[in-house]
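Trainee: My file is upload27.txt. It has compact mmCIF, C-alpha atoms:
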# COMPACT_ATOMS: atom_id res chain seq x y z
CA MET A 1 -64.03 7.97 -64.46
CA LEU A 2 -63.59 5.72 -61.41
CA ARG A 3 -60.66 3.33 -61.49
CA ASN A 4 -60.70 -0.16 -60.01
CA PHE A 5 -57.49 -0.20 -57.96
CA ASP A 6 -57.78 -3.98 -57.60
CA LYS A 7 -56.75 -4.28 -61.25
CA ILE A 8 -54.56 -1.23 -61.80
CA THR A 9 -50.86 -1.73 -62.48
CA GLU A 10 -48.07 -0.04 -60.54
CA MET A 11 -47.24 2.14 -63.55
CA GLU A 12 -50.82 3.45 -63.76
CA ASP A 13 -51.28 3.98 -60.01
CA LYS A 14 -51.21 7.75 -59.39
CA ARG A 15 -52.37 7.59 -55.75
CA ASN A 16 -50.17 9.24 -53.12
CA VAL A 17 -48.95 5.96 -51.62
CA ILE A 18 -45.41 4.64 -51.22
CA ASP A 19 -44.13 2.35 -53.96
CA LYS A 20 -44.73 -0.93 -52.11
CA PHE A 21 -48.48 -0.11 -52.10
CA LYS A 22 -48.73 0.88 -55.78
CA GLY A 23 -51.13 -1.36 -57.68
CA ARG A 24 -52.68 -2.75 -54.47
CA SER A 25 -56.28 -2.31 -53.34
CA GLU A 26 -57.26 -0.09 -50.42
CA SER A 27 -58.28 -3.16 -48.43
CA GLU A 28 -54.85 -4.78 -48.97
CA ILE A 29 -53.10 -1.57 -47.89
CA ILE A 30 -55.28 -1.23 -44.79
CA SER A 31 -54.73 -4.86 -43.86
CA GLU A 32 -50.96 -4.57 -44.10
CA LEU A 33 -50.88 -1.28 -42.19
CA ASP A 34 -53.09 -2.77 -39.47
CA SER A 35 -50.69 -5.71 -39.14
CA GLU A 36 -47.84 -3.26 -38.49
CA ASP A 37 -49.77 -1.16 -35.92
CA HIS A 38 -47.47 0.52 -33.36
CA GLY A 39 -50.39 1.17 -31.02
CA LEU A 40 -50.45 4.99 -31.06
CA VAL A 41 -53.94 6.52 -31.17
CA ILE A 42 -54.72 10.21 -31.61
CA ALA A 43 -57.83 12.35 -31.10
CA LEU A 44 -58.89 15.82 -32.15
CA GLU A 45 -61.13 18.14 -30.15
CA ASN A 46 -62.54 21.48 -31.31
CA THR A 47 -60.84 20.95 -34.69
CA GLU A 48 -62.66 21.99 -37.82
CA ARG A 49 -62.55 19.95 -41.03
CA ASP A 50 -59.87 22.15 -42.54
CA PHE A 51 -56.19 22.37 -43.41
CA ASN A 52 -55.17 21.43 -39.88
CA MET A 53 -57.30 18.31 -39.95
CA GLY A 54 -55.73 17.26 -43.24
CA THR A 55 -52.23 17.97 -41.93
CA ILE A 56 -52.80 15.91 -38.80
CA VAL A 57 -54.38 12.99 -40.66
CA ARG A 58 -51.62 12.94 -43.25
CA SER A 59 -48.95 13.04 -40.52
CA ALA A 60 -50.78 10.31 -38.62
CA ASN A 61 -50.78 8.16 -41.72
CA ALA A 62 -47.06 8.82 -42.30
CA PHE A 63 -46.23 7.78 -38.72
CA GLY A 64 -48.28 4.58 -38.82
CA VAL A 65 -51.16 5.71 -36.60
CA ARG A 66 -54.09 3.34 -37.17
CA GLN A 67 -56.88 5.02 -35.19
CA ILE A 68 -58.04 8.63 -35.07
CA TYR A 69 -61.01 9.80 -33.03
CA VAL A 70 -63.14 12.62 -34.51
CA GLY A 71 -62.38 13.33 -38.18
CA ALA A 72 -60.21 13.42 -41.30
CA MET A 73 -59.86 14.07 -45.01
CA MET A 74 -58.53 12.08 -48.03
CA THR A 75 -55.82 10.01 -46.34
CA ASP A 76 -58.45 8.98 -43.82
CA LYS A 77 -59.49 6.16 -46.12
CA TYR A 78 -56.42 4.23 -44.93
CA LEU A 79 -57.24 4.80 -41.23
CA HIS A 80 -60.05 3.87 -38.87
CA ILE A 81 -62.00 7.02 -38.02
CA THR A 82 -64.42 7.06 -35.08
CA TYR A 83 -66.72 9.98 -34.36
CA LEU A 84 -67.78 10.41 -30.73
CA ALA A 85 -70.48 12.83 -29.64
CA THR A 86 -69.11 13.98 -26.29
CA THR A 87 -65.88 14.30 -24.35
CA GLU A 88 -67.41 12.04 -21.70
CA GLU A 89 -68.02 9.31 -24.29
CA PHE A 90 -64.44 9.67 -25.57
CA VAL A 91 -62.93 9.47 -22.07
CA GLU A 92 -65.03 6.41 -21.22
CA LYS A 93 -63.94 4.66 -24.44
CA MET A 94 -60.27 5.40 -23.79
CA ARG A 95 -60.53 4.11 -20.20
CA THR A 96 -62.23 0.93 -21.47
CA GLU A 97 -59.38 0.45 -23.98
CA GLY A 98 -56.79 0.97 -21.23
CA ARG A 99 -55.32 4.07 -22.88
CA GLU A 100 -53.70 7.01 -21.11
CA ILE A 101 -55.10 10.34 -22.30
CA ILE A 102 -52.26 12.71 -23.14
CA ALA A 103 -53.48 16.21 -24.02
CA ILE A 104 -51.06 18.28 -26.09
CA ASP A 105 -51.55 21.91 -25.10
CA ASN A 106 -49.51 24.70 -23.53
CA ILE A 107 -51.90 25.52 -20.72
CA PRO A 108 -51.06 26.00 -17.03
CA GLY A 109 -50.09 22.69 -15.44
CA SER A 110 -48.61 21.23 -18.61
CA VAL A 111 -45.18 19.57 -18.55
CA ASN A 112 -42.51 20.02 -21.20
CA MET A 113 -42.44 17.35 -23.87
CA SER A 114 -38.65 16.97 -23.56
CA GLN A 115 -39.14 15.95 -19.92
CA THR A 116 -42.03 13.55 -20.55
CA SER A 117 -42.21 9.85 -21.26
CA LEU A 118 -45.17 9.26 -23.52
CA PRO A 119 -46.76 5.90 -22.63
CA LYS A 120 -47.06 3.09 -25.16
CA ARG A 121 -50.85 2.89 -24.66
CA ALA A 122 -51.38 6.61 -25.21
CA VAL A 123 -54.03 8.52 -27.03
CA LEU A 124 -52.65 11.94 -27.96
CA VAL A 125 -55.35 14.63 -27.99
CA PHE A 126 -55.06 17.89 -29.94
CA GLY A 127 -57.36 20.91 -29.88
CA GLN A 128 -57.87 23.72 -32.38
CA GLU A 129 -55.77 26.88 -32.14
CA GLY A 130 -57.49 29.45 -30.00
CA PRO A 131 -59.78 27.37 -27.82
CA GLY A 132 -57.33 24.47 -27.45
CA ILE A 133 -58.61 21.51 -25.47
CA SER A 134 -61.67 21.97 -23.28
CA ALA A 135 -61.53 22.27 -19.50
CA GLU A 136 -63.47 18.99 -19.36
CA LEU A 137 -60.82 17.16 -21.38
CA ALA A 138 -57.97 18.82 -19.47
CA GLY A 139 -59.56 17.55 -16.26
CA ALA A 140 -59.82 14.01 -17.63
CA ALA A 141 -56.31 13.90 -19.11
CA ASP A 142 -53.67 11.72 -17.46
CA GLN A 143 -51.04 14.25 -18.57
CA ILE A 144 -51.00 17.61 -20.32
CA VAL A 145 -47.87 18.05 -22.38
CA ALA A 146 -46.53 21.24 -23.98
CA ILE A 147 -44.10 21.49 -26.86
CA GLU A 148 -41.35 23.87 -25.78
CA GLN A 149 -40.98 27.02 -27.87
CA PHE A 150 -38.36 29.73 -27.83
CA GLY A 151 -39.71 32.54 -30.02
CA SER A 152 -42.36 35.18 -29.48
CA THR A 153 -45.35 33.18 -30.73
CA ARG A 154 -47.58 31.66 -28.05
CA SER A 155 -48.21 28.43 -29.94
CA ILE A 156 -47.49 26.52 -33.12
CA ASN A 157 -50.07 25.34 -35.64
CA VAL A 158 -52.07 22.34 -34.36
CA GLY A 159 -51.11 20.30 -37.43
CA ALA A 160 -47.44 20.97 -36.75
CA ALA A 161 -47.90 20.23 -33.04
CA ALA A 162 -49.55 16.92 -33.86
CA THR A 163 -46.67 16.01 -36.16
CA VAL A 164 -44.07 16.84 -33.49
CA ALA A 165 -45.95 14.92 -30.78
CA MET A 166 -46.50 11.83 -32.94
CA TYR A 167 -42.82 11.74 -33.88
CA CYS A 168 -41.80 12.14 -30.22
CA TRP A 169 -44.05 9.19 -29.33
CA LEU A 170 -42.47 7.14 -32.14
CA GLN A 171 -38.96 8.01 -30.92
CA GLN A 172 -39.79 6.85 -27.41
CA ASN A 173 -41.88 3.78 -28.22
CA VAL A 174 -40.96 2.42 -31.65
CA LEU A 175 -37.77 3.78 -33.17
CA THR A 176 -35.55 3.04 -30.18
CA LEU A 177 -36.86 -0.53 -30.18
CA SER A 178 -36.22 -0.86 -33.91
CA MET A 179 -32.68 0.48 -33.58
CA GLY A 180 -31.92 -2.13 -30.92
CA ASP A 181 -32.90 -4.86 -33.37
CA LEU A 182 -30.19 -3.85 -35.89
What would you get if you wrote out this structure as structure tokens?
Mentor:
Amino acid sequence: MLRNFDKITEMEDKRNVIDKFKGRSESEIISELDSEDHGLVIALENTERDFNMGTIVRSANAFGVRQIYVGAMMTDKYLHITYLATTEEFVEKMRTEGREIIAIDNIPGSVNMSQTSLPKRAVLVFGQEGPGISAELAGAADQIVAIEQFGSTRSINVGAAATVAMYCWLQQNVLTLSMGDL
């Protein structure tokens, strides 16, 4: 049975949303989240519609990301999802929007995240484990950033990497500003 969330009370609202959004419609939630947009955009390349996609989308939602390019799962209904056919189309769109393309991958030429300033107008790009980002995207990226690791594993799960990178961006571009306002 479908429920009309426009009329549901907070006590009946079983959706996985924080308390201030209980009992509110999807359009009200989206509108409020859009009004609080930090400006971070993310993109996924070579990522299947799987657990990793869900992890990244859920993390993006938790960190206030308002735009994801490529795909998502259930929490995507609170985000703006844009599907682009080619890397060239994606790069052109990001350039038009004035965004710096920051590829998150541990390939040759990458710089350590701890030594990187992630720009305010960034789009963070993540690729699937194994193939990672394509050579075409690596060539178009303004920066390629690696998350430092100290164990024996070559890489961490792409969902976990996306979460770490989004939080690093928030630390550099939002949280430090918020702390100064206290």
Trainee: Would you mind telling me which residue in A:Val91, A:Cys168, A:Leu33, A:Ala141 lies nearest to Phe21 in chain A when using only C-alpha atoms?
Mentor: A:Leu33
Trainee: Rounded to one decimal in Å, what is the spacing between CA of Arg24 in chain A and CA of Leu40 in chain A?
Mentor: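 Interatomic distance, CA of Arg24 in chain A to CA of Leu40 in chain A: 24.8 Å.
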Trainee: Tell me which of A:Glu148, A:Glu28, A:Asp34, A:Asp13 sits closest to Met113 in chain A, counting only C-alpha atoms.
Mentor: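 Answer, going by the shortest atom-to-atom distance: A:Glu148.
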Trainee: Using all atoms listed in the file, find the one residue out of A:Ala160, A:Met53, A:Ala60, A:Ala103 that sits nearest to Tyr78 in chain A.
Mentor: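 Ranked by minimum distance to Tyr78 in chain A, first place goes to A:Ala60.
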Trainee: Quick one: residues within 8 Å of Gly127 in chain A, only C-alpha atoms, excluding same-chain residues fewer than 2 positions away - as a JSON list (two decimals) with C-alpha atoms, in the coordinates of the input?
Mentor:
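Once written, part_17.json looks like this:
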[["chain", "number", "residue", "atom", "x", "y", "z"],
["A", 44, "LEU", "CA", -58.89, 15.82, -32.15],
["A", 45, "GLU", "CA", -61.13, 18.14, -30.15],
["A", 46, "ASN", "CA", -62.54, 21.48, -31.31],
["A", 47, "THR", "CA", -60.84, 20.95, -34.69],
["A", 104, "ILE", "CA", -51.06, 18.28, -26.09],
["A", 105, "ASP", "CA", -51.55, 21.91, -25.10],
["A", 125, "VAL", "CA", -55.35, 14.63, -27.99],
["A", 129, "GLU", "CA", -55.77, 26.88, -32.14],
["A", 131, "PRO", "CA", -59.78, 27.37, -27.82],
["A", 132, "GLY", "CA", -57.33, 24.47, -27.45],
["A", 133, "ILE", "CA", -58.61, 21.51, -25.47],
["A", 134, "SER", "CA", -61.67, 21.97, -23.28],
["A", 158, "VAL", "CA", -52.07, 22.34, -34.36]]
Trainee: Record the distance separating CA of Asn173 in chain A and CA of Leu118 in chain A, expressed in Å with one decimal.
Mentor: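 Going from CA of Asn173 in chain A over to CA of Leu118 in chain A, I get 7.9 Å.
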Trainee: Counting all atoms listed in the file, which of A:Val174, A:Ile81, A:Ala138, A:Ala146 gets nearest to Val41 in chain A?
Mentor: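 For Val41 in chain A, the nearest of the candidates is A:Ile81.
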Trainee: Restrict the output to range 28-44 of chain A and N, CA and C atoms, then write it as a PDB file, in the first residue's frame.
Mentor:
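Final output, out-v6.pdb:
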ATOM      1  N   GLU A  28       9.370  18.826  -0.202  1.00  0.00           N
ATOM      2  CA  GLU A  28       9.790  19.756   0.863  1.00  0.00           C
ATOM      3  C   GLU A  28      11.216  19.454   1.314  1.00  0.00           C
ATOM      4  N   ILE A  29      11.531  18.171   1.451  1.00  0.00           N
ATOM      5  CA  ILE A  29      12.879  17.768   1.870  1.00  0.00           C
ATOM      6  C   ILE A  29      13.900  18.205   0.821  1.00  0.00           C
ATOM      7  N   ILE A  30      13.616  17.922  -0.442  1.00  0.00           N
ATOM      8  CA  ILE A  30      14.527  18.293  -1.523  1.00  0.00           C
ATOM      9  C   ILE A  30      14.730  19.798  -1.553  1.00  0.00           C
ATOM     10  N   SER A  31      13.665  20.542  -1.423  1.00  0.00           N
ATOM     11  CA  SER A  31      13.752  22.004  -1.450  1.00  0.00           C
ATOM     12  C   SER A  31      14.632  22.535  -0.328  1.00  0.00           C
ATOM     13  N   GLU A  32      14.456  22.016   0.869  1.00  0.00           N
ATOM     14  CA  GLU A  32      15.287  22.473   1.985  1.00  0.00           C
ATOM     15  C   GLU A  32      16.744  22.075   1.797  1.00  0.00           C
ATOM     16  N   LEU A  33      16.983  20.829   1.363  1.00  0.00           N
ATOM     17  CA  LEU A  33      18.356  20.394   1.130  1.00  0.00           C
ATOM     18  C   LEU A  33      19.020  21.232   0.038  1.00  0.00           C
ATOM     19  N   ASP A  34      18.283  21.533  -1.017  1.00  0.00           N
ATOM     20  CA  ASP A  34      18.832  22.375  -2.090  1.00  0.00           C
ATOM     21  C   ASP A  34      19.200  23.761  -1.572  1.00  0.00           C
ATOM     22  N   SER A  35      18.418  24.283  -0.644  1.00  0.00           N
ATOM     23  CA  SER A  35      18.694  25.624  -0.115  1.00  0.00           C
ATOM     24  C   SER A  35      19.944  25.645   0.761  1.00  0.00           C
ATOM     25  N   GLU A  36      20.375  24.477   1.224  1.00  0.00           N
ATOM     26  CA  GLU A  36      21.563  24.366   2.074  1.00  0.00           C
ATOM     27  C   GLU A  36      22.752  23.763   1.321  1.00  0.00           C
ATOM     28  N   ASP A  37      22.707  23.785  -0.004  1.00  0.00           N
ATOM     29  CA  ASP A  37      23.736  23.182  -0.860  1.00  0.00           C
ATOM     30  C   ASP A  37      25.118  23.758  -0.568  1.00  0.00           C
ATOM     31  N   HIS A  38      26.089  22.869  -0.272  1.00  0.00           N
ATOM     32  CA  HIS A  38      27.476  23.277  -0.047  1.00  0.00           C
ATOM     33  C   HIS A  38      28.227  23.478  -1.351  1.00  0.00           C
ATOM     34  N   GLY A  39      27.738  22.897  -2.436  1.00  0.00           N
ATOM     35  CA  GLY A  39      28.372  23.054  -3.735  1.00  0.00           C
ATOM     36  C   GLY A  39      29.184  21.860  -4.204  1.00  0.00           C
ATOM     37  N   LEU A  40      29.362  20.839  -3.368  1.00  0.00           N
ATOM     38  CA  LEU A  40      30.133  19.669  -3.791  1.00  0.00           C
ATOM     39  C   LEU A  40      29.304  18.818  -4.742  1.00  0.00           C
ATOM     40  N   VAL A  41      29.925  18.388  -5.845  1.00  0.00           N
ATOM     41  CA  VAL A  41      29.308  17.510  -6.830  1.00  0.00           C
ATOM     42  C   VAL A  41      30.198  16.281  -6.946  1.00  0.00           C
ATOM     43  N   ILE A  42      29.597  15.106  -7.124  1.00  0.00           N
ATOM     44  CA  ILE A  42      30.393  13.898  -7.334  1.00  0.00           C
ATOM     45  C   ILE A  42      29.942  13.208  -8.613  1.00  0.00           C
ATOM     46  N   ALA A  43      30.811  12.334  -9.131  1.00  0.00           N
ATOM     47  CA  ALA A  43      30.501  11.558 -10.328  1.00  0.00           C
ATOM     48  C   ALA A  43      31.085  10.163 -10.175  1.00  0.00           C
ATOM     49  N   LEU A  44      30.454   9.212 -10.833  1.00  0.00           N
ATOM     50  CA  LEU A  44      30.897   7.826 -10.797  1.00  0.00           C
ATOM     51  C   LEU A  44      31.165   7.359 -12.220  1.00  0.00           C
TER      52      LEU A  44
END
